[in-house]
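The next block is my_file.cif, given as mmCIF, C-alpha atoms.
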data_query
loop_
_atom_site.label_atom_id
_atom_site.label_comp_id
_atom_site.auth_asym_id
_atom_site.auth_seq_id
_atom_site.Cartn_x
_atom_site.Cartn_y
_atom_site.Cartn_z
CA MET A 1 18.77 -12.32 16.38
CA PRO A 2 17.93 -9.00 14.72
CA GLY A 3 16.16 -9.12 11.40
CA THR A 4 14.62 -12.58 11.73
CA ARG A 5 11.06 -11.33 12.10
CA LEU A 6 11.56 -8.66 9.48
CA LEU A 7 12.78 -11.31 7.05
CA ALA A 8 9.63 -13.32 7.75
CA PHE A 9 7.61 -10.18 7.07
CA ALA A 10 9.41 -9.62 3.75
CA SER A 11 8.69 -13.24 2.76
CA LEU A 12 4.97 -12.41 2.93
CA TRP A 13 5.34 -9.82 0.16
CA PHE A 14 8.29 -10.76 -2.06
CA ASP A 15 9.22 -13.67 -4.27
CA GLU A 16 11.93 -16.17 -3.45
CA GLY A 17 14.46 -14.52 -5.77
CA THR A 18 14.14 -11.11 -4.12
CA LEU A 19 14.40 -12.66 -0.70
CA THR A 20 17.55 -14.57 -1.63
CA THR A 21 19.33 -11.78 -3.49
CA VAL A 22 18.28 -8.73 -1.48
CA PHE A 23 16.80 -9.33 1.96
CA GLU A 24 18.79 -12.35 3.13
CA PRO A 25 22.21 -10.77 2.41
CA LEU A 26 21.07 -7.60 4.18
CA VAL A 27 19.92 -9.47 7.27
CA ALA A 28 22.98 -11.78 7.23
CA ASP A 29 25.38 -8.79 7.25
CA TRP A 30 23.27 -7.12 9.92
CA GLN A 31 23.31 -10.20 12.17
CA ARG A 32 27.06 -10.66 11.80
CA GLU A 33 27.67 -7.00 12.60
CA TRP A 34 25.42 -7.35 15.63
CA LEU A 35 27.22 -10.50 16.83
CA ASP A 36 30.64 -8.87 16.39
CA ALA A 37 29.63 -5.64 18.14
CA LYS A 38 30.26 -4.93 21.81
CA PRO A 39 27.07 -5.33 23.85
CA SER A 40 26.97 -1.57 24.44
CA HIS A 41 26.96 -0.94 20.67
CA ARG A 42 24.37 -3.53 19.74
CA SER A 43 21.38 -1.20 20.02
CA LEU A 44 23.08 1.19 17.59
CA VAL A 45 23.75 -1.68 15.18
CA SER A 46 20.11 -2.75 15.51
CA MET A 47 18.88 0.73 14.64
CA ARG A 48 21.21 1.01 11.64
CA GLY A 49 20.11 -2.38 10.36
CA LEU A 50 16.46 -1.53 10.86
CA ALA A 51 16.88 1.73 8.92
CA ALA A 52 18.61 -0.16 6.09
CA PHE A 53 15.86 -2.77 6.02
CA LEU A 54 13.10 -0.15 5.91
CA SER A 55 14.92 1.80 3.17
CA THR A 56 15.20 -1.39 1.14
CA LEU A 57 11.48 -2.08 1.63
CA VAL A 58 10.67 1.41 0.40
CA ALA A 59 13.00 1.02 -2.58
CA LEU A 60 11.28 -2.24 -3.55
CA SER A 61 7.71 -1.16 -2.76
CA PRO A 62 6.98 -0.31 -6.44
CA ARG A 63 7.35 -4.03 -7.11
CA ILE A 64 4.38 -4.59 -4.80
CA LEU A 65 2.24 -1.72 -5.95
CA LEU A 66 2.97 -1.81 -9.68
CA SER A 67 2.64 -5.51 -10.48
CA PRO A 68 -1.00 -5.90 -11.50
CA PRO A 69 -2.75 -9.27 -11.28
CA PRO A 70 -4.09 -10.90 -14.48
CA ALA A 71 -6.82 -8.92 -16.27
CA SER A 72 -9.35 -11.76 -15.94
CA LEU A 73 -8.89 -11.71 -12.17
CA VAL A 74 -9.23 -7.93 -12.04
CA ILE A 75 -12.56 -8.21 -13.88
CA ARG A 76 -13.82 -10.85 -11.45
CA VAL A 77 -12.83 -8.76 -8.45
CA ALA A 78 -14.35 -5.59 -9.93
CA THR A 79 -17.59 -7.44 -10.69
CA ARG A 80 -17.92 -8.81 -7.16
CA VAL A 81 -17.12 -5.45 -5.58
CA GLY A 82 -19.47 -3.61 -7.94
CA VAL A 83 -22.38 -5.99 -7.39
CA LEU A 84 -22.16 -5.80 -3.60
CA ALA A 85 -21.65 -2.02 -3.63
CA PHE A 86 -24.81 -1.74 -5.73
CA ALA A 87 -26.70 -4.15 -3.48
CA LEU A 88 -25.75 -2.12 -0.40
CA THR A 89 -26.40 1.27 -2.04
CA VAL A 90 -29.91 0.57 -3.32
CA PRO A 91 -31.60 0.08 0.08
CA LEU A 92 -29.76 3.09 1.50
CA ILE A 93 -31.07 5.32 -1.27
CA ALA A 94 -34.48 3.66 -1.53
CA SER A 95 -35.57 4.59 1.98
CA PHE A 96 -34.50 8.18 1.47
CA VAL A 97 -36.24 8.43 -1.91
CA TYR A 98 -39.39 6.83 -0.50
CA ASP A 99 -39.61 9.48 2.21
CA LEU A 100 -38.88 12.22 -0.29
CA ILE A 101 -41.60 11.13 -2.72
CA HIS A 102 -44.21 10.94 0.02
CA SER A 103 -43.35 14.28 1.58
CA TRP A 104 -42.85 16.22 -1.67
CA ASN A 105 -45.10 19.26 -2.16
CA GLY A 106 -42.91 21.47 -4.34
CA ALA A 107 -44.04 23.88 -7.04
CA GLN A 108 -42.73 21.54 -9.71
CA PRO A 109 -42.74 17.73 -9.94
CA LEU A 110 -39.98 15.95 -8.05
CA PRO A 111 -36.89 16.04 -10.31
CA LEU A 112 -36.10 12.33 -10.36
CA ILE A 113 -32.90 12.88 -12.34
CA ALA A 114 -31.57 14.87 -9.38
CA LEU A 115 -31.73 11.70 -7.30
CA LEU A 116 -28.74 10.40 -9.26
CA ASN A 117 -26.72 12.99 -7.36
CA LEU A 118 -27.31 10.91 -4.24
CA LEU A 119 -25.32 8.02 -5.66
CA PRO A 120 -21.73 9.24 -5.05
CA GLY A 121 -22.39 9.93 -1.38
CA GLN A 122 -23.81 6.46 -0.82
CA ILE A 123 -21.29 4.57 -2.92
CA VAL A 124 -18.35 5.95 -0.96
CA LEU A 125 -19.93 4.53 2.16
CA THR A 126 -20.70 1.11 0.69
CA LEU A 127 -17.43 0.67 -1.19
CA ALA A 128 -15.43 -0.36 1.88
CA PRO A 129 -17.59 -3.34 2.93
CA ALA A 130 -18.16 -4.20 -0.75
CA MET A 131 -14.43 -4.90 -1.09
CA MET A 132 -14.66 -7.99 1.11
CA PRO A 133 -15.80 -10.37 -1.66
CA GLY A 134 -12.89 -9.06 -3.75
CA VAL A 135 -10.51 -10.30 -1.07
CA ASP A 136 -12.17 -13.71 -1.25
CA VAL A 137 -11.63 -13.88 -5.01
CA LEU A 138 -7.94 -12.97 -4.69
CA ARG A 139 -7.26 -15.26 -1.77
CA ARG A 140 -8.91 -18.28 -3.36
CA HIS A 141 -7.44 -17.86 -6.84
CA ALA A 142 -5.53 -21.12 -7.08
CA PRO A 143 -2.50 -20.11 -9.21
CA PHE A 144 -1.72 -17.27 -6.82
CA SER A 145 0.87 -18.08 -4.21
CA GLY A 146 0.76 -16.34 -0.84
CA HIS A 147 2.79 -13.25 -1.66
CA LEU A 148 1.02 -12.64 -5.00
CA ALA A 149 -2.42 -12.80 -3.39
CA ARG A 150 -1.20 -10.54 -0.61
CA ARG A 151 0.18 -8.00 -3.11
CA ALA A 152 -3.06 -7.97 -5.13
CA THR A 153 -5.07 -7.53 -1.94
CA ALA A 154 -2.88 -4.60 -0.89
CA GLN A 155 -3.45 -3.05 -4.32
CA LEU A 156 -7.21 -3.56 -3.91
CA ALA A 157 -7.14 -1.84 -0.51
CA LEU A 158 -5.09 1.04 -1.86
CA LEU A 159 -7.36 1.50 -4.88
CA GLY A 160 -10.42 1.41 -2.62
CA MET A 161 -8.87 4.00 -0.36
CA LEU A 162 -8.00 6.31 -3.26
CA ALA A 163 -11.48 5.94 -4.79
CA THR A 164 -13.07 6.72 -1.43
CA LEU A 165 -10.75 9.69 -0.95
CA VAL A 166 -11.75 11.19 -4.30
CA GLY A 167 -15.41 10.32 -3.72
CA ILE A 168 -15.85 11.67 -0.22
CA GLY A 169 -13.34 14.46 -0.71
CA TRP A 170 -14.65 15.98 -3.94
CA GLY A 171 -17.27 13.89 -5.79
CA SER A 172 -19.83 13.52 -3.05
CA PRO A 173 -19.73 17.19 -1.87
CA TYR A 174 -20.19 18.39 -5.45
CA ALA A 175 -23.05 15.96 -6.09
CA ASN A 176 -24.69 16.91 -2.77
CA GLN A 177 -24.67 20.56 -3.73
CA GLN A 178 -26.14 19.79 -7.16
CA PHE A 179 -28.88 17.77 -5.47
CA ARG A 180 -29.70 20.56 -3.03
CA ASN A 181 -29.81 23.20 -5.76
CA ARG A 182 -32.07 21.13 -8.00
CA MET A 183 -34.42 20.22 -5.20
CA ALA A 184 -34.60 23.83 -4.00
CA SER A 185 -35.22 25.04 -7.56
CA ALA A 186 -37.97 22.47 -8.12
CA SER A 187 -39.53 23.25 -4.79
CA SER A 188 -39.69 27.02 -5.32
CA GLY A 189 -40.27 26.98 -9.07
CA ARG A 190 -37.27 29.22 -9.82
CA SER A 191 -33.54 28.75 -10.16
CA VAL A 192 -31.91 28.64 -6.75
CA GLN A 193 -28.23 28.45 -5.79
CA LEU A 194 -27.95 27.53 -2.14
CA SER A 195 -24.89 28.43 -0.12
CA ARG A 196 -22.83 25.38 0.69
CA GLY A 197 -22.91 23.70 4.06
CA ILE A 198 -19.93 21.86 5.53
CA HIS A 199 -20.91 18.59 3.83
CA GLU A 200 -20.75 20.34 0.48
CA LEU A 201 -17.19 21.57 0.94
CA SER A 202 -14.37 19.63 -0.65
CA LEU A 203 -11.80 17.99 1.57
CA SER A 204 -9.14 20.44 0.43
CA GLU A 205 -11.39 23.38 1.35
CA ILE A 206 -12.04 22.00 4.81
CA TRP A 207 -8.41 21.10 5.26
CA SER A 208 -6.98 24.45 4.23
CA SER A 209 -9.98 26.39 5.60
CA PRO A 210 -9.65 29.28 3.13
CA LYS A 211 -11.43 32.57 3.55
CA GLY A 212 -14.89 32.56 2.01
CA VAL A 213 -16.04 29.16 3.24
CA PRO A 214 -19.09 29.26 5.52
CA ARG A 215 -18.67 31.35 8.62
CA MET A 216 -20.35 28.70 10.73
CA MET A 217 -17.34 26.43 10.27
CA THR A 218 -15.79 26.59 13.68
CA ASN A 219 -12.55 24.77 14.35
CA ALA A 220 -14.38 22.09 16.32
CA ARG A 221 -16.86 21.52 13.47
CA ARG A 222 -14.01 21.43 10.98
CA THR A 223 -12.10 18.85 13.03
CA GLN A 224 -15.24 16.79 13.40
CA GLU A 225 -15.91 16.78 9.65
CA LEU A 226 -12.26 15.98 8.86
CA ASN A 227 -12.29 13.09 11.29
CA LEU A 228 -15.49 11.72 9.83
CA ARG A 229 -14.30 11.91 6.24
CA LEU A 230 -10.80 10.59 6.90
CA SER A 231 -12.20 7.70 8.91
CA VAL A 232 -14.35 6.78 5.91
CA VAL A 233 -11.27 7.05 3.66
CA ALA A 234 -9.42 4.60 5.91
CA ALA A 235 -12.33 2.15 5.96
CA PRO A 236 -11.47 0.20 2.75
CA ILE A 237 -8.04 -0.72 4.13
CA LEU A 238 -9.62 -1.80 7.38
CA PHE A 239 -12.35 -3.92 5.76
CA VAL A 240 -9.88 -5.59 3.40
CA TRP A 241 -7.54 -6.41 6.27
CA VAL A 242 -10.36 -7.72 8.45
CA ARG A 243 -11.61 -9.95 5.65
CA TRP A 244 -8.08 -11.23 5.04
CA THR A 245 -7.81 -11.99 8.75
CA MET A 246 -11.15 -13.78 8.74
CA LEU A 247 -9.99 -15.97 5.87
CA SER A 248 -6.89 -16.94 7.87
CA VAL A 249 -9.08 -18.81 10.30
CA VAL A 250 -9.89 -22.40 9.41
CA ARG A 251 -13.64 -22.14 9.15
CA ARG A 252 -16.00 -24.54 10.74
CA LYS A 253 -18.85 -25.82 8.62
CA TRP A 254 -21.57 -23.59 10.01
CA ILE A 255 -19.46 -20.47 9.44
CA ALA A 256 -18.51 -21.59 5.94
CA ALA A 257 -22.20 -21.76 5.05
CA ILE A 258 -22.63 -18.02 5.68
CA PRO A 259 -22.24 -16.16 2.37
CA VAL A 260 -19.57 -13.50 2.32
CA SER A 261 -22.06 -10.87 1.19
CA LEU A 262 -24.03 -11.40 4.41
CA VAL A 263 -20.85 -11.16 6.48
CA ALA A 264 -20.00 -7.94 4.65
CA ILE A 265 -23.47 -6.48 5.24
CA VAL A 266 -23.47 -7.32 8.94
CA THR A 267 -19.95 -5.92 9.38
CA ALA A 268 -20.84 -2.76 7.47
CA VAL A 269 -24.02 -2.16 9.46
CA ALA A 270 -22.16 -2.68 12.73
CA PHE A 271 -19.36 -0.41 11.55
CA PHE A 272 -21.51 2.52 10.46
CA ALA A 273 -24.00 2.06 13.28
CA LEU A 274 -21.08 2.56 15.63
CA MET A 275 -19.51 5.37 13.61
CA TYR A 276 -22.33 7.88 13.19
CA PRO A 277 -23.60 8.12 16.76
CA LEU A 278 -20.00 8.93 17.69
CA ASN A 279 -19.70 11.77 15.22
CA GLY A 280 -17.99 14.16 17.62
CA GLY A 281 -14.23 14.68 17.94
CA PHE A 282 -12.34 11.47 17.33
CA GLY A 283 -15.49 9.36 17.75
CA PRO A 284 -15.58 8.20 14.10
CA TRP A 285 -12.30 6.37 14.69
CA LEU A 286 -13.73 4.18 17.44
CA PRO A 287 -15.17 1.54 15.07
CA HIS A 288 -11.75 1.32 13.42
CA LEU A 289 -10.17 0.73 16.80
CA VAL A 290 -12.71 -1.96 17.64
CA MET A 291 -12.15 -3.72 14.31
CA VAL A 292 -8.34 -3.53 14.59
CA LEU A 293 -8.45 -4.99 18.09
CA GLY A 294 -10.84 -7.68 16.87
CA GLY A 295 -8.55 -8.47 13.93
CA ILE A 296 -5.46 -8.69 16.12
CA ALA A 297 -7.30 -10.95 18.57
CA THR A 298 -8.38 -13.18 15.68
CA LEU A 299 -4.82 -13.39 14.36
CA ARG A 300 -3.42 -14.25 17.78
CA TRP A 301 -6.10 -16.84 18.35
CA THR A 302 -5.45 -18.33 14.90
CA ARG A 303 -1.71 -18.57 15.52
CA SER A 304 -2.13 -20.09 18.94
CA THR A 305 -4.78 -22.67 18.06
CA GLN A 306 -4.51 -23.59 14.41
CA GLN A 307 -2.65 -23.15 11.16
CA PRO A 308 -3.81 -20.56 8.62
CA ILE A 309 -5.29 -21.90 5.38
CA THR A 310 -2.71 -20.33 3.06
CA GLY A 311 -0.34 -17.41 2.81
CA MET B 1 27.29 -3.15 -34.26
CA SER B 2 25.79 -3.52 -30.79
CA ASP B 3 26.09 -0.70 -28.25
CA LEU B 4 28.68 -0.94 -25.50
CA PRO B 5 26.86 -1.94 -22.31
CA SER B 6 26.92 0.82 -19.73
CA PHE B 7 27.03 0.98 -15.95
CA SER B 8 25.18 3.40 -13.74
CA ARG B 9 27.47 5.45 -11.50
CA VAL B 10 26.75 3.16 -8.54
CA GLU B 11 27.17 -0.02 -10.56
CA ARG B 12 30.53 1.16 -11.82
CA LEU B 13 31.64 2.02 -8.29
CA ILE B 14 30.68 -1.46 -7.10
CA VAL B 15 32.57 -3.18 -9.91
CA GLU B 16 35.62 -0.97 -9.27
CA LEU B 17 35.57 -1.75 -5.55
CA LEU B 18 35.19 -5.45 -6.16
CA SER B 19 37.96 -5.51 -8.75
CA ALA B 20 40.23 -3.65 -6.30
CA HIS B 21 39.43 -5.65 -3.16
CA GLY B 22 38.36 -9.05 -4.47
CA GLU B 23 35.29 -10.70 -2.96
CA LEU B 24 33.35 -8.47 -0.56
CA PHE B 25 30.17 -8.63 1.49
CA GLY B 26 27.49 -6.00 0.94
CA LEU B 27 28.31 -4.20 4.15
CA GLN B 28 32.03 -4.17 3.31
CA LEU B 29 31.20 -2.48 0.01
CA VAL B 30 29.39 0.25 1.93
CA VAL B 31 32.39 0.71 4.23
CA HIS B 32 34.93 0.81 1.38
CA SER B 33 32.84 3.29 -0.61
CA ASN B 34 33.41 6.07 1.95
CA GLY B 35 29.74 7.01 2.05
CA ARG B 36 29.07 6.80 -1.68
CA LEU B 37 27.08 3.57 -1.26
CA LYS B 38 24.13 3.51 1.13
CA ARG B 39 23.29 0.51 3.21
CA GLY B 40 19.59 0.94 2.51
CA THR B 41 19.93 0.55 -1.25
CA VAL B 42 23.16 -1.36 -1.90
CA TYR B 43 21.51 -4.78 -1.63
CA VAL B 44 18.87 -3.81 -4.19
CA THR B 45 21.64 -2.71 -6.55
CA LEU B 46 23.63 -5.89 -5.92
CA GLY B 47 20.54 -8.00 -6.65
CA ARG B 48 19.90 -6.11 -9.88
CA MET B 49 23.54 -6.41 -10.98
CA SER B 50 23.43 -10.15 -10.34
CA GLU B 51 20.34 -10.41 -12.55
CA LYS B 52 22.15 -8.48 -15.29
CA GLY B 53 25.10 -10.84 -15.11
CA TYR B 54 27.54 -8.26 -13.75
CA LEU B 55 28.13 -10.05 -10.45
CA GLU B 56 28.51 -13.55 -9.13
CA SER B 57 27.88 -14.40 -5.52
CA ARG B 58 28.23 -17.24 -3.08
CA GLN B 59 27.32 -17.78 0.52
CA GLU B 60 30.17 -17.83 3.01
CA PRO B 61 30.62 -21.24 4.62
CA LEU B 62 29.48 -21.13 8.23
CA PRO B 63 31.53 -23.01 10.82
CA ASP B 64 29.75 -25.59 12.94
CA GLY B 65 27.79 -24.02 15.74
CA ALA B 66 27.73 -20.59 14.14
CA ILE B 67 24.50 -18.68 14.47
CA GLY B 68 22.87 -16.23 12.10
CA LEU B 69 22.29 -16.35 8.37
CA PRO B 70 25.33 -17.04 6.14
CA ARG B 71 26.56 -13.84 4.48
CA ARG B 72 26.79 -13.43 0.71
CA LEU B 73 30.13 -12.66 -0.98
CA TYR B 74 30.11 -10.80 -4.29
CA ARG B 75 32.66 -10.71 -7.09
CA PRO B 76 32.51 -9.17 -10.57
CA THR B 77 32.01 -11.40 -13.60
CA GLY B 78 34.41 -11.34 -16.51
CA HIS B 79 31.69 -9.59 -18.50
CA ALA B 80 31.51 -6.74 -15.97
CA LEU B 81 35.30 -6.39 -15.88
CA ARG B 82 35.45 -6.21 -19.67
CA ILE B 83 32.80 -3.48 -19.71
CA LEU B 84 34.68 -1.56 -17.02
CA GLY B 85 37.94 -1.91 -18.96
CA ALA B 86 36.29 -0.75 -22.18
CA TRP B 87 34.80 2.32 -20.52
CA LYS B 88 38.08 3.19 -18.83
CA ALA B 89 39.89 2.89 -22.17
CA ALA B 90 37.25 5.04 -23.86
CA GLU B 91 37.53 7.69 -21.13
CA HIS B 92 41.30 7.65 -21.33
CA ALA B 93 41.20 8.05 -25.09
CA PHE B 94 38.67 10.88 -24.82
CA LEU B 95 40.56 12.77 -22.13
CA ASN B 96 43.89 12.50 -23.93
CA GLU B 97 42.52 13.47 -27.32
CA PRO B 98 43.84 16.89 -28.41
CA LEU B 99 41.15 19.55 -28.67
CA PRO B 100 40.25 20.54 -32.22
CA GLN B 101 42.05 23.72 -33.38
CA GLU B 102 39.88 26.81 -33.71
CA GLY B 103 39.85 28.76 -36.99
#

Show me, as structure tokens, the structure contained in the file I just sent.
Amino acid sequence: MPGTRLLAFASLWFDEGTLTTVFEPLVADWQREWLDAKPSHRSLVSMRGLAAFLSTLVALSPRILLSPPPASLVIRVATRVGVLAFALTVPLIASFVYDLIHSWNGAQPLPLIALLNLLPGQIVLTLAPAMMPGVDVLRRHAPFSGHLARRATAQLALLGMLATLVGIGWGSPYANQQFRNRMASASSGRSVQLSRGIHELSLSEIWSSPKGVPRMMTNARRTQELNLRLSVVAAPILFVWVRWTMLSVVRRKWIAAIPVSLVAIVTAVAFFALMYPLNGGFGPWLPHLVMVLGGIATLRWTRSTQQPITG
Amino acid sequence: MSDLPSFSRVERLIVELLSAHGELFGLQLVVHSNGRLKRGTVYVTLGRMSEKGYLESRQEPLPDGAIGLPRRLYRPTGHALRILGAWKAAEHAFLNEPLPQEG
């Protein structure tokens, strides 16, 4: 019967009242129309019903996106995400700073304050895996029923994606350029304004490719940089979904003993280790593909062998 | 004095159709509206009107052996009909009121 699976999908996101008063009547009318239609017209009825269902989902999507979880829960999630993002960022920066300090022979002392400009570029990379403990907090918050936890997790993923978009699109390129200028100035002993490389261009500049941006930006280089940045923007959604999927599996004791932060670190290392060597063309999307396939396989295995924990 | 409750254009159309035709399913409302109601949004509107107390609904009884979900039949509440009547009376009074004389 048409609509049955879509109704199950809606039940994952909406409360009982919305299901009863909006989605069930829609699907019931759709099914009756489908049953009454001639077999040759049924595909048309199916398409009309599907369009109506999707329109209704869109009309009700603000209910999902604009219903914030309790403030205390938001603080707990933000704390977990912030702590892990910091824990992942520090070693990334530390190795770079260590090399810089030991190789520095500029005219002036190393401007340590300039190192703060490295933070945005690293945080946008660590934010995605750092969101995994946030999913744990939301999923295990007892008063939350399935659809509320799912909504809050979707909001977390969306916020992470927007933050990464702003960070890698504008914040990190600006901070990179500030870092380069300060280091060049300190090295030469005079004020220097370097011309921007492709990593120092904002996403909108690369996207629109206006006149005046570096001449070395060939179309292939532009596509490569866009792919890399957009794949990083998509990463928070992917990590959140993968963590949600992992929590759907009834965990055996030895897996349960592994802290989520370690799982996040291992996943992040594997993700970025796979992403950067494949920095050409659509290569940066390959880790996403691997993780999506892994997530789907996990879901299928979970459904075929055992019951999910909740939601 | 409390304000007269108001309908949106779509809400008023739904109440008018239901008062003219009696109980209707959501899809029948779309058909009777001659394109003024859209199938993708009418159920959201019906749900909201039920919450506001403008509509009552019941599930159609399904005969034995029938398949599919039972459909929902909607009818206007007395409250909604009174609001519709009041607005119609107000409109009628406004439209028939002589225009004020100039000068």

I need the contact residues of chain B against chain A, so if you could list those with any atom within 8 Å, counting all atoms listed in the file, and return them as number ranges by chain, that would help. B: 25-27, 39-41, 43-44, 46-47, 68-72

Keeping C-alpha atoms for every residue in the selection just given, could you write it to a file as a tab-separated table (two decimals), in the frame of the given file?
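Dumped everything to again-v4.tsv:
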chain	number	residue	atom	x	y	z
B	25	PHE	CA	30.17	-8.63	1.49
B	26	GLY	CA	27.49	-6.00	0.94
B	27	LEU	CA	28.31	-4.20	4.15
B	39	ARG	CA	23.29	0.51	3.21
B	40	GLY	CA	19.59	0.94	2.51
B	41	THR	CA	19.93	0.55	-1.25
B	43	TYR	CA	21.51	-4.78	-1.63
B	44	VAL	CA	18.87	-3.81	-4.19
B	46	LEU	CA	23.63	-5.89	-5.92
B	47	GLY	CA	20.54	-8.00	-6.65
B	68	GLY	CA	22.87	-16.23	12.10
B	69	LEU	CA	22.29	-16.35	8.37
B	70	PRO	CA	25.33	-17.04	6.14
B	71	ARG	CA	26.56	-13.84	4.48
B	72	ARG	CA	26.79	-13.43	0.71

Find the residues around Pro120 in chain A up to 9 Å (all atoms listed in the file counted), leave out those fewer than 5 positions away in its own chain, and share them as a PDB file with C-alpha atoms, in the coordinates of the input.
ATOM      1  CA  LEU A 125     -19.930   4.530   2.160  1.00  0.00           C
ATOM      2  CA  GLY A 167     -15.410  10.320  -3.720  1.00  0.00           C
ATOM      3  CA  ILE A 168     -15.850  11.670  -0.220  1.00  0.00           C
ATOM      4  CA  GLY A 171     -17.270  13.890  -5.790  1.00  0.00           C
ATOM      5  CA  SER A 172     -19.830  13.520  -3.050  1.00  0.00           C
ATOM      6  CA  PRO A 173     -19.730  17.190  -1.870  1.00  0.00           C
ATOM      7  CA  ALA A 175     -23.050  15.960  -6.090  1.00  0.00           C
ATOM      8  CA  ASN A 176     -24.690  16.910  -2.770  1.00  0.00           C
TER       9      ASN A 176
END

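Taking CA of Pro69 in chain A and CA of Leu148 in chain A as the two end points, the separation is 8.1 Å.
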
Check which residues satisfy the PyMOL selection byres ((chain A and resi 13) around 8) in the file shown, then give them as an NGL selection string. :A and (9-12 or 14-15 or 64 or 147-148 or 150-151)

Suppose we keep C-alpha atoms; can you now write the selection as a short mmCIF file (atom, residue, chain, number, x, y, z; two decimals), keeping the file's coordinate frame?
data_model
loop_
_atom_site.label_atom_id
_atom_site.label_comp_id
_atom_site.auth_asym_id
_atom_site.auth_seq_id
_atom_site.Cartn_x
_atom_site.Cartn_y
_atom_site.Cartn_z
CA PHE A 9 7.61 -10.18 7.07
CA ALA A 10 9.41 -9.62 3.75
CA SER A 11 8.69 -13.24 2.76
CA LEU A 12 4.97 -12.41 2.93
CA PHE A 14 8.29 -10.76 -2.06
CA ASP A 15 9.22 -13.67 -4.27
CA ILE A 64 4.38 -4.59 -4.80
CA HIS A 147 2.79 -13.25 -1.66
CA LEU A 148 1.02 -12.64 -5.00
CA ARG A 150 -1.20 -10.54 -0.61
CA ARG A 151 0.18 -8.00 -3.11
#

Is it possible to get the axis-aligned box enclosing range 59-62 of chain B (all listed atoms, 3 Å extra per side) as AutoDock Vina command-line options, with centre and edge lengths in Å rounded to one decimal?
--center_x 29.0 --center_y -19.5 --center_z 4.4 --size_x 9.3 --size_y 9.5 --size_z 13.7

What is the distance, in Å and to one decimal place, between CA of Ile93 in chain A and CA of Leu115 in chain A?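 It comes out at 8.8 Å.
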
Could you list the residues chosen by the PyMOL selection byres ((chain B and resi 23) around 8) in this structure as a compact mmCIF listing (two decimals) with C-alpha atoms, in the frame of the given file?
# COMPACT_ATOMS: atom_id res chain seq x y z
CA LEU B 18 35.19 -5.45 -6.16
CA HIS B 21 39.43 -5.65 -3.16
CA GLY B 22 38.36 -9.05 -4.47
CA LEU B 24 33.35 -8.47 -0.56
CA PHE B 25 30.17 -8.63 1.49
CA LEU B 73 30.13 -12.66 -0.98
CA TYR B 74 30.11 -10.80 -4.29
CA ARG B 75 32.66 -10.71 -7.09

Once the PyMOL selection byres ((chain A and resi 195-207) around 7) is applied to the coordinates I shared, what remains selected? I want it as a PyMOL selection string. chain A and resi 169-170+173-174+176-177+193-194+208-210+214+222

For the atom pair CA of Ala20 in chain B and CA of Gly85 in chain B, what is the interatomic distance in Å to one decimal place? 13.0 Å

Skip Val81 in chain A itself and residues of its chain fewer than 6 positions away, then list as a compact mmCIF listing (two decimals) with C-alpha atoms, in the frame of the given file all residues within 8 Å of it, counting only C-alpha atoms.
# COMPACT_ATOMS: atom_id res chain seq x y z
CA LEU A 127 -17.43 0.67 -1.19
CA ALA A 130 -18.16 -4.20 -0.75
CA MET A 131 -14.43 -4.90 -1.09
CA MET A 132 -14.66 -7.99 1.11
CA PRO A 133 -15.80 -10.37 -1.66
CA GLY A 134 -12.89 -9.06 -3.75

Using all atoms listed in the file, which of A:Thr89, A:Gln108, A:Thr298, A:Thr223 sits nearest Ala268 in chain A?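 Counting all atoms listed in the file, the residue closest to Ala268 in chain A is A:Thr89.
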